[in-house]
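*Asks:* Structure provided below as structure tokens; questions to follow.
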2 protein chains.
Amino acid sequence: MVRLKTIDWVDGGVKIVDQTLLPLELVYERIDTVEQMYLAIKILKVRGAPAIGIAGAFGCYIAIRDYPETGSCNDLLELLVKNGDYLDSSRPTAVNLAWAVNRMKHKARDLAAAGKVADVKKGLLDEAVAILEEDRAMGRAIGEHGAKLLEGVDAILTHCNAGGLATAEYGTALAPVYVAAEQGKLFTVYSDETRPLLQGSRITAFELQKAGIPVVCICDNMAATVMAQGKVGAVIVGADRITANGDTANKIGTYGVALLARAHNIPFYVAAPSSTFDLTLATGKEIPIEERDETEITCGFGKRTAPVGVPVFNPAFDVTPAALITAFITENGIARPPFSESIRDLVG
Amino acid sequence: MVRLKTIDWVDGGVKIVDQTLLPLELVYERIDTVEQMYLAIKILKVRGAPAIGIAGAFGCYIAIRDYPETGSCNDLLELLVKNGDYLDSSRPTAVNLAWAVNRMKHKARDLAAAGKVADVKKGLLDEAVAILEEDRAMGRAIGEHGAKLLEGVDAILTHCNAGGLATAEYGTALAPVYVAAEQGKLFTVYSDETRPLLQGSRITAFELQKAGIPVVCICDNMAATVMAQGKVGAVIVGADRITANGDTANKIGTYGVALLARAHNIPFYVAAPSSTFDLTLATGKEIPIEERDETEITCGFGKRTAPVGVPVFNPAFDVTPAALITAFITENGIARPPFSESIRDLVG
């Protein structure tokens, strides 16, 4: 089974899958400078919150690795902060990017206290590798809990891409599928294409096909028919933010899929690491929903498909009320209703 | 208000909107030969079941209009049958095309009995014009019943194109919107883009924009959010076939929209002429669902958007159970539950 390594540290450089070329070509790119990393994040060669965080961390290390060992720790710190802020500006709204860059800055300050430049540099590489490894372990743990939960299910439906290509390796929503495959069980995955940006057909279908896992592409509006025909036993999606009561913001279309799953008595699972839970927000009403450019809908893939000047409504996310969610799959285990308690116990 | 004339008889020729150029250009084409009409139907310059029927009828007339008045009625009939079958073969599964061509053949046989070629020719032109006028009147009547039903509603959601461009002029699902506009009331119409062929963004949005009716394009997976935000007071869709109990086959995605409408307590209306009701079928289980080519999904926007070789599920239609339908809007009036009785009374 080929499970793609979205981002990895190989021979003193970062190796990424260039996701702008998917699904037509699988091209790995080596990144050796901070400018290359900035661009890779900015133009979505690397995408998905966890993967971007890892990219930012390695970018920070690359920015200071050639700093002379004869230099001062203070100047090194200054160089790191400047380049960290630069990397951070590549996608200003990506929470994981800011989080990873900050973690690198804190680590550098701690290490700099001892005054040895060589130790700071080595420590920063170790920290970036740790962020990568933690993400891989998180995906693997979600996968193990999820695979157990899905015993008896043969086929699932997913929306958007919360797969390996959004993280270091296993993903979140697709992690149970990959872990089950390691254990010898192949799920069939129905992949909503996920308009407007088609992450489902471009990315989810690609990574599953590469891994040898049966995948079927459908348009978003076919999910109800797939469910009515009894083709799937569960829905699993990822999440962008989960509030204290279990309301879940995720890619636009997720809420509709949750309603359809409920109408067909199909369990609806959200797979996400504990870092996605935001217990400072009580309910989904507090989550702001970004609206994106109309051209994503009117000129989606190189060709205009709606009249010039027609108004468009293009919310990037929606909020699925907790009441439609059967359970959360996290690296710490499964949270079931009542969620206000189970979420606090699991990730609080 | 510019309400487009999809197909019309003007100065001794057929004038159609070339729908293959929508939404980028509005180009009218004049059709003077049966070969031109065959091609126009085959490559979807004219589309939508009622519009194709009208095209077929005029095609039959064009095929025989230059037949010499000194000829025999029998030879004229033979010429008509040959060309009718030829036109019929342009889209073999279009029920309305075969229906209209047959109606022209029957009319010709009736008229030929009197033995005058000139009368047969004139009668066939009158019959084609009658088919056009009946369709226009049908749309207008659906529009009047629908506009009354929608009093108090300001915005609706529709799926696919059951508008003027699928018929002679008013359409079915959009007829109430056009009639209301004539009466001085402008609905806002949320138009699902309707993957894979995007009839919603390419055609529905185009004709409403042309008519000066407020329209908002959304991706299919945004309908649930539009409903949750209280933006629409009703859903109206067309239909391909309706069975005796009210189960309704329509463009893929309709069933999902009906489930979402029910979850949000929004009325879900089906607008269709009585010819769409097939009382020989008891329930929707008897309606065969055509599956279409995978490239509609994988290469839908002029560019490949899914990996080569990935399996695809591409049903062209789905069946909405009668239980999810609030009422049918027909040219004869409104049918409400219990549908087995009301449908029989209205269109039986």
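Ligands are numbered from 1 in the order shown, residues from 1 within each chain, and chains are lettered A, B, ... in the order they appear in the structure tokens.
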Superposition of chain A onto chain B by least squares over all sequentially paired C-alpha atoms; the transformed chain is requested as a compact mmCIF listing (two decimals) with C-alpha atoms, in the first residue's frame.
*Replies:*
# COMPACT_ATOMS: atom_id res chain seq x y z
CA MET A 1 -38.91 42.11 -18.96
CA VAL A 2 -37.12 40.01 -21.58
CA ARG A 3 -38.58 36.53 -21.45
CA LEU A 4 -36.55 34.52 -23.95
CA LYS A 5 -38.38 32.79 -26.81
CA THR A 6 -36.58 29.44 -26.76
CA ILE A 7 -38.13 28.33 -30.04
CA ASP A 8 -40.52 30.21 -32.31
CA TRP A 9 -41.90 30.25 -35.85
CA VAL A 10 -40.82 33.50 -37.49
CA ASP A 11 -41.09 34.52 -41.18
CA GLY A 12 -41.42 30.97 -42.46
CA GLY A 13 -38.57 29.51 -40.44
CA VAL A 14 -37.79 28.27 -36.92
CA LYS A 15 -35.84 30.61 -34.67
CA ILE A 16 -34.07 29.02 -31.70
CA VAL A 17 -31.73 30.13 -28.94
CA ASP A 18 -28.46 28.20 -29.47
CA GLN A 19 -28.17 26.85 -25.90
CA THR A 20 -24.71 25.39 -26.44
CA LEU A 21 -23.34 28.95 -26.31
CA LEU A 22 -24.97 29.82 -22.94
CA PRO A 23 -24.17 31.48 -20.62
CA LEU A 24 -21.48 33.28 -22.60
CA GLU A 25 -23.46 34.38 -25.64
CA LEU A 26 -27.11 34.75 -26.56
CA VAL A 27 -27.24 33.78 -30.22
CA TYR A 28 -30.42 33.05 -32.14
CA GLU A 29 -30.19 30.62 -35.02
CA ARG A 30 -32.57 30.27 -37.94
CA ILE A 31 -33.38 26.75 -39.02
CA ASP A 32 -34.63 26.15 -42.56
CA THR A 33 -33.81 22.50 -43.25
CA VAL A 34 -34.58 19.20 -41.59
CA GLU A 35 -30.85 18.42 -41.36
CA GLN A 36 -30.25 21.64 -39.43
CA MET A 37 -33.06 20.70 -37.04
CA TYR A 38 -31.71 17.17 -36.56
CA LEU A 39 -28.32 18.60 -35.63
CA ALA A 40 -29.78 21.31 -33.37
CA ILE A 41 -31.60 18.65 -31.33
CA LYS A 42 -28.72 16.18 -31.37
CA ILE A 43 -26.04 18.56 -30.09
CA LEU A 44 -28.41 20.22 -27.58
CA LYS A 45 -28.73 23.61 -29.24
CA VAL A 46 -32.35 23.05 -28.28
CA ARG A 47 -32.97 21.02 -25.10
CA GLY A 48 -35.69 20.35 -22.50
CA ALA A 49 -38.43 17.82 -23.23
CA PRO A 50 -41.20 20.27 -24.29
CA ALA A 51 -38.85 22.39 -26.44
CA ILE A 52 -37.52 19.31 -28.22
CA GLY A 53 -41.07 18.22 -29.00
CA ILE A 54 -41.84 21.58 -30.59
CA ALA A 55 -38.59 21.40 -32.56
CA GLY A 56 -39.51 17.95 -33.83
CA ALA A 57 -42.94 19.14 -34.95
CA PHE A 58 -41.58 22.09 -36.91
CA GLY A 59 -38.86 19.83 -38.30
CA CYS A 60 -41.57 17.58 -39.71
CA TYR A 61 -43.26 20.51 -41.42
CA ILE A 62 -40.00 21.86 -42.83
CA ALA A 63 -39.29 18.42 -44.27
CA ILE A 64 -42.41 18.48 -46.47
CA ARG A 65 -43.11 22.15 -47.12
CA ASP A 66 -41.41 22.16 -50.53
CA TYR A 67 -43.19 19.02 -51.65
CA PRO A 68 -44.82 19.85 -55.04
CA GLU A 69 -48.56 20.42 -54.93
CA THR A 70 -48.83 18.29 -58.05
CA GLY A 71 -47.52 15.27 -56.10
CA SER A 72 -49.58 12.56 -54.40
CA CYS A 73 -50.65 12.61 -50.79
CA ASN A 74 -49.23 9.10 -50.36
CA ASP A 75 -45.75 10.17 -51.42
CA LEU A 76 -46.01 13.19 -49.14
CA LEU A 77 -46.94 10.90 -46.24
CA GLU A 78 -44.00 8.68 -47.04
CA LEU A 79 -41.66 11.69 -47.07
CA LEU A 80 -43.04 12.85 -43.72
CA VAL A 81 -42.66 9.43 -42.07
CA LYS A 82 -39.08 9.08 -43.33
CA ASN A 83 -38.08 12.52 -42.06
CA GLY A 84 -40.04 12.14 -38.83
CA ASP A 85 -38.16 8.94 -38.04
CA TYR A 86 -34.90 10.69 -38.90
CA LEU A 87 -35.69 13.56 -36.51
CA ASP A 88 -36.83 11.09 -33.88
CA SER A 89 -33.43 9.38 -33.97
CA SER A 90 -31.64 12.59 -32.95
CA ARG A 91 -32.42 11.89 -29.26
CA PRO A 92 -33.94 8.44 -29.01
CA THR A 93 -34.88 8.64 -25.31
CA ALA A 94 -36.72 11.99 -25.48
CA VAL A 95 -40.36 11.07 -24.91
CA ASN A 96 -41.73 14.42 -26.06
CA LEU A 97 -39.89 14.22 -29.37
CA ALA A 98 -41.45 10.89 -30.31
CA TRP A 99 -44.81 12.15 -29.07
CA ALA A 100 -44.70 15.31 -31.24
CA VAL A 101 -43.47 13.50 -34.35
CA ASN A 102 -46.25 10.92 -33.94
CA ARG A 103 -48.83 13.66 -33.54
CA MET A 104 -47.62 15.19 -36.83
CA LYS A 105 -47.82 11.81 -38.58
CA HIS A 106 -51.37 11.20 -37.35
CA LYS A 107 -52.43 14.66 -38.38
CA ALA A 108 -50.96 14.12 -41.84
CA ARG A 109 -52.82 10.82 -42.26
CA ASP A 110 -56.11 12.42 -41.23
CA LEU A 111 -55.64 15.32 -43.64
CA ALA A 112 -54.36 13.14 -46.47
CA ALA A 113 -57.68 11.30 -46.52
CA ALA A 114 -59.20 14.34 -48.28
CA GLY A 115 -56.51 14.04 -50.95
CA LYS A 116 -55.28 17.64 -51.23
CA VAL A 117 -51.52 18.13 -50.81
CA ALA A 118 -51.86 21.86 -50.16
CA ASP A 119 -54.31 21.22 -47.31
CA VAL A 120 -52.03 18.60 -45.75
CA LYS A 121 -49.08 21.03 -45.81
CA LYS A 122 -51.10 23.89 -44.34
CA GLY A 123 -52.60 21.58 -41.72
CA LEU A 124 -49.17 20.38 -40.62
CA LEU A 125 -47.90 23.91 -40.13
CA ASP A 126 -51.02 24.67 -38.09
CA GLU A 127 -50.42 21.55 -36.00
CA ALA A 128 -46.79 22.49 -35.22
CA VAL A 129 -47.89 25.99 -34.26
CA ALA A 130 -50.62 24.44 -32.09
CA ILE A 131 -48.05 22.30 -30.25
CA LEU A 132 -46.01 25.46 -29.62
CA GLU A 133 -49.03 27.45 -28.46
CA GLU A 134 -50.31 24.64 -26.24
CA ASP A 135 -46.92 24.48 -24.53
CA ARG A 136 -46.89 28.23 -23.99
CA ALA A 137 -50.44 28.11 -22.57
CA MET A 138 -49.48 25.15 -20.33
CA GLY A 139 -46.54 27.12 -18.88
CA ARG A 140 -48.66 30.20 -18.39
CA ALA A 141 -51.37 28.18 -16.56
CA ILE A 142 -48.80 26.50 -14.29
CA GLY A 143 -47.40 29.95 -13.63
CA GLU A 144 -50.77 31.36 -12.61
CA HIS A 145 -51.59 28.51 -10.25
CA GLY A 146 -48.07 28.60 -8.81
CA ALA A 147 -47.95 32.37 -8.33
CA LYS A 148 -51.14 32.16 -6.29
CA LEU A 149 -49.74 29.28 -4.24
CA LEU A 150 -46.58 31.28 -3.47
CA GLU A 151 -48.31 34.34 -2.07
CA GLY A 152 -46.35 35.36 1.02
CA VAL A 153 -43.09 33.82 -0.22
CA ASP A 154 -40.28 36.18 -1.30
CA ALA A 155 -37.51 33.81 -2.33
CA ILE A 156 -37.41 30.28 -3.71
CA LEU A 157 -34.75 27.70 -4.42
CA THR A 158 -34.73 25.64 -7.61
CA HIS A 159 -32.59 22.81 -8.98
CA CYS A 160 -31.53 22.28 -12.60
CA ASN A 161 -33.45 24.12 -15.35
CA ALA A 162 -37.18 23.74 -15.65
CA GLY A 163 -37.42 27.23 -17.01
CA GLY A 164 -38.39 28.96 -20.20
CA LEU A 165 -35.38 27.55 -22.02
CA ALA A 166 -36.65 23.99 -21.54
CA THR A 167 -40.04 24.87 -23.05
CA ALA A 168 -41.53 27.33 -25.51
CA GLU A 169 -41.47 30.23 -23.12
CA TYR A 170 -42.62 30.11 -19.48
CA GLY A 171 -41.15 26.83 -18.32
CA THR A 172 -42.62 24.80 -15.48
CA ALA A 173 -40.75 25.37 -12.20
CA LEU A 174 -39.93 28.96 -13.21
CA ALA A 175 -43.36 29.73 -14.69
CA PRO A 176 -44.74 31.02 -11.34
CA VAL A 177 -41.73 33.35 -11.10
CA TYR A 178 -42.35 34.78 -14.58
CA VAL A 179 -46.10 35.18 -14.05
CA ALA A 180 -45.50 36.84 -10.67
CA ALA A 181 -43.05 39.22 -12.37
CA GLU A 182 -45.76 40.16 -14.91
CA GLN A 183 -47.99 40.89 -11.93
CA GLY A 184 -45.32 43.15 -10.45
CA LYS A 185 -43.80 40.80 -7.88
CA LEU A 186 -40.13 39.83 -8.11
CA PHE A 187 -39.04 36.63 -6.41
CA THR A 188 -35.39 36.07 -5.57
CA VAL A 189 -34.37 32.69 -6.99
CA TYR A 190 -31.50 30.66 -5.50
CA SER A 191 -30.29 28.47 -8.33
CA ASP A 192 -28.41 25.24 -7.52
CA GLU A 193 -25.66 25.00 -10.14
CA THR A 194 -26.67 21.33 -10.63
CA ARG A 195 -23.62 19.19 -11.23
CA PRO A 196 -22.50 17.55 -13.35
CA LEU A 197 -23.89 19.49 -16.33
CA LEU A 198 -24.49 22.80 -14.51
CA GLN A 199 -27.89 23.56 -16.04
CA GLY A 200 -28.60 25.72 -12.98
CA SER A 201 -25.68 28.11 -13.36
CA ARG A 202 -25.47 27.95 -17.15
CA ILE A 203 -29.17 28.13 -18.06
CA THR A 204 -31.46 28.98 -15.12
CA ALA A 205 -29.22 31.82 -13.95
CA PHE A 206 -28.92 33.06 -17.53
CA GLU A 207 -32.62 33.20 -18.34
CA LEU A 208 -33.56 34.78 -15.01
CA GLN A 209 -30.82 37.39 -15.30
CA LYS A 210 -32.03 38.23 -18.82
CA ALA A 211 -35.57 38.58 -17.51
CA GLY A 212 -34.43 40.97 -14.77
CA ILE A 213 -35.36 38.55 -11.97
CA PRO A 214 -32.95 38.48 -8.99
CA VAL A 215 -31.02 35.21 -9.09
CA VAL A 216 -28.22 33.93 -6.85
CA CYS A 217 -25.98 31.07 -7.98
CA ILE A 218 -24.95 28.50 -5.40
CA CYS A 219 -23.19 25.15 -5.49
CA ASP A 220 -25.51 22.23 -4.82
CA ASN A 221 -23.90 21.62 -1.43
CA MET A 222 -24.82 25.15 -0.25
CA ALA A 223 -28.60 24.58 -0.38
CA ALA A 224 -28.73 23.38 3.23
CA THR A 225 -27.02 26.56 4.45
CA VAL A 226 -29.33 28.76 2.35
CA MET A 227 -32.29 27.03 4.01
CA ALA A 228 -30.83 27.16 7.52
CA GLN A 229 -30.26 30.89 7.14
CA GLY A 230 -33.95 31.37 6.30
CA LYS A 231 -33.17 32.75 2.86
CA VAL A 232 -35.91 30.82 0.99
CA GLY A 233 -39.59 30.25 1.66
CA ALA A 234 -40.17 27.42 -0.83
CA VAL A 235 -38.46 25.02 -3.22
CA ILE A 236 -39.85 24.48 -6.73
CA VAL A 237 -38.50 21.94 -9.18
CA GLY A 238 -39.66 20.39 -12.46
CA ALA A 239 -40.08 16.68 -13.13
CA ASP A 240 -39.16 14.07 -15.72
CA ARG A 241 -41.79 11.53 -14.71
CA ILE A 242 -44.37 11.33 -11.90
CA THR A 243 -46.02 8.04 -10.94
CA ALA A 244 -49.61 7.47 -9.83
CA ASN A 245 -48.72 7.77 -6.12
CA GLY A 246 -46.76 11.02 -6.62
CA ASP A 247 -43.19 9.66 -6.58
CA THR A 248 -41.20 11.99 -8.82
CA ALA A 249 -38.16 11.35 -11.01
CA ASN A 250 -36.18 14.50 -11.73
CA LYS A 251 -32.57 15.62 -12.20
CA ILE A 252 -30.07 14.03 -9.82
CA GLY A 253 -29.94 16.02 -6.58
CA THR A 254 -33.66 16.73 -6.39
CA TYR A 255 -34.23 14.03 -3.74
CA GLY A 256 -31.52 15.52 -1.52
CA VAL A 257 -33.02 19.00 -1.84
CA ALA A 258 -36.43 17.57 -0.87
CA LEU A 259 -34.93 15.99 2.27
CA LEU A 260 -33.22 19.27 3.18
CA ALA A 261 -36.45 21.22 2.64
CA ARG A 262 -38.30 18.81 4.93
CA ALA A 263 -35.62 19.16 7.62
CA HIS A 264 -36.08 22.95 7.52
CA ASN A 265 -39.91 22.86 7.26
CA ILE A 266 -39.84 24.50 3.85
CA PRO A 267 -42.57 23.54 1.35
CA PHE A 268 -41.32 21.51 -1.62
CA TYR A 269 -43.33 21.91 -4.84
CA VAL A 270 -43.09 20.02 -8.12
CA ALA A 271 -44.31 21.94 -11.19
CA ALA A 272 -45.15 19.83 -14.22
CA PRO A 273 -47.69 19.55 -17.04
CA SER A 274 -50.19 16.71 -16.92
CA SER A 275 -48.22 14.96 -19.70
CA THR A 276 -45.42 14.28 -17.17
CA PHE A 277 -47.70 12.10 -15.03
CA ASP A 278 -47.41 8.43 -15.93
CA LEU A 279 -50.38 6.76 -14.27
CA THR A 280 -49.36 3.38 -15.70
CA LEU A 281 -46.63 3.25 -13.03
CA ALA A 282 -47.78 2.73 -9.44
CA THR A 283 -44.65 3.98 -7.63
CA GLY A 284 -41.19 5.39 -8.26
CA LYS A 285 -39.63 1.95 -7.82
CA GLU A 286 -40.75 1.22 -11.39
CA ILE A 287 -38.83 4.15 -12.89
CA PRO A 288 -35.50 3.07 -14.41
CA ILE A 289 -32.60 5.40 -13.56
CA GLU A 290 -30.17 6.06 -16.40
CA GLU A 291 -26.46 6.23 -15.52
CA ARG A 292 -24.40 8.56 -17.67
CA ASP A 293 -20.79 8.78 -18.78
CA GLU A 294 -18.11 9.18 -16.10
CA THR A 295 -16.43 12.02 -18.00
CA GLU A 296 -19.32 14.32 -17.06
CA ILE A 297 -17.90 14.18 -13.53
CA THR A 298 -14.18 13.67 -14.16
CA CYS A 299 -13.73 16.14 -17.06
CA GLY A 300 -16.80 18.32 -16.70
CA PHE A 301 -15.74 21.53 -18.28
CA GLY A 302 -12.65 21.05 -20.40
CA LYS A 303 -10.33 20.12 -17.58
CA ARG A 304 -9.76 16.80 -15.77
CA THR A 305 -10.67 17.15 -12.09
CA ALA A 306 -10.41 13.53 -10.92
CA PRO A 307 -7.63 10.96 -11.29
CA VAL A 308 -7.53 8.88 -14.46
CA GLY A 309 -9.20 5.51 -13.93
CA VAL A 310 -11.08 6.37 -10.74
CA PRO A 311 -14.54 4.74 -10.57
CA VAL A 312 -17.50 7.10 -10.77
CA PHE A 313 -21.20 6.80 -9.93
CA ASN A 314 -23.19 9.12 -12.20
CA PRO A 315 -26.97 8.60 -12.03
CA ALA A 316 -28.78 11.16 -14.21
CA PHE A 317 -31.96 11.23 -12.13
CA ASP A 318 -33.22 10.39 -8.68
CA VAL A 319 -36.68 9.64 -7.33
CA THR A 320 -38.22 11.85 -4.66
CA PRO A 321 -40.81 9.93 -2.63
CA ALA A 322 -44.27 11.49 -2.65
CA ALA A 323 -44.13 11.87 1.13
CA LEU A 324 -41.54 14.67 0.74
CA ILE A 325 -43.66 16.66 -1.75
CA THR A 326 -45.96 19.38 -0.46
CA ALA A 327 -47.98 19.77 -3.68
CA PHE A 328 -47.88 19.44 -7.47
CA ILE A 329 -48.48 22.50 -9.62
CA THR A 330 -50.03 21.54 -12.97
CA GLU A 331 -51.77 23.46 -15.74
CA ASN A 332 -55.05 22.10 -14.34
CA GLY A 333 -54.46 23.30 -10.79
CA ILE A 334 -52.81 22.15 -7.56
CA ALA A 335 -52.68 18.54 -6.35
CA ARG A 336 -52.25 18.03 -2.60
CA PRO A 337 -51.97 14.85 -0.51
CA PRO A 338 -53.34 12.24 -0.56
CA PHE A 339 -51.80 12.23 -4.04
CA SER A 340 -53.20 8.94 -5.33
CA GLU A 341 -56.61 10.65 -5.31
CA SER A 342 -55.68 14.23 -6.18
CA ILE A 343 -53.43 13.24 -9.09
CA ARG A 344 -56.12 10.97 -10.54
CA ASP A 345 -58.69 13.77 -10.23
CA LEU A 346 -56.43 16.42 -11.77
CA VAL A 347 -54.67 14.66 -14.62
CA GLY A 348 -56.19 11.15 -14.80
*Asks:* Can you list, as a PyMOL selection string, all residues belonging to stretch 140-211 of chain A that DSSP tags as strand (DSSP E)?
*Replies:* chain A and resi 155-158+188-192
*Asks:* Residues as selected, C-alpha atoms, written as a CSV table (one decimal), in the first residue's frame, can you do that?
*Replies:*
chain,number,residue,atom,x,y,z
A,155,ALA,CA,-18.4,1.4,2.9
A,156,ILE,CA,-18.3,5.0,4.0
A,157,LEU,CA,-19.0,8.4,2.5
A,158,THR,CA,-16.7,11.4,3.1
A,188,THR,CA,-15.0,1.4,-0.1
A,189,VAL,CA,-15.0,5.2,0.1
A,190,TYR,CA,-17.6,7.3,-1.7
A,191,SER,CA,-16.0,10.7,-2.1
A,192,ASP,CA,-18.1,13.8,-2.6
*Asks:* As a VMD selection string, please: every residue in stretch 101-345 of chain A that a backbone DSSP assignment puts in alpha helix (DSSP H).
*Replies:* chain A and resid 101 to 112 117 to 149 175 to 182 199 205 to 210 223 to 228 254 to 263 295 to 298 339 to 345
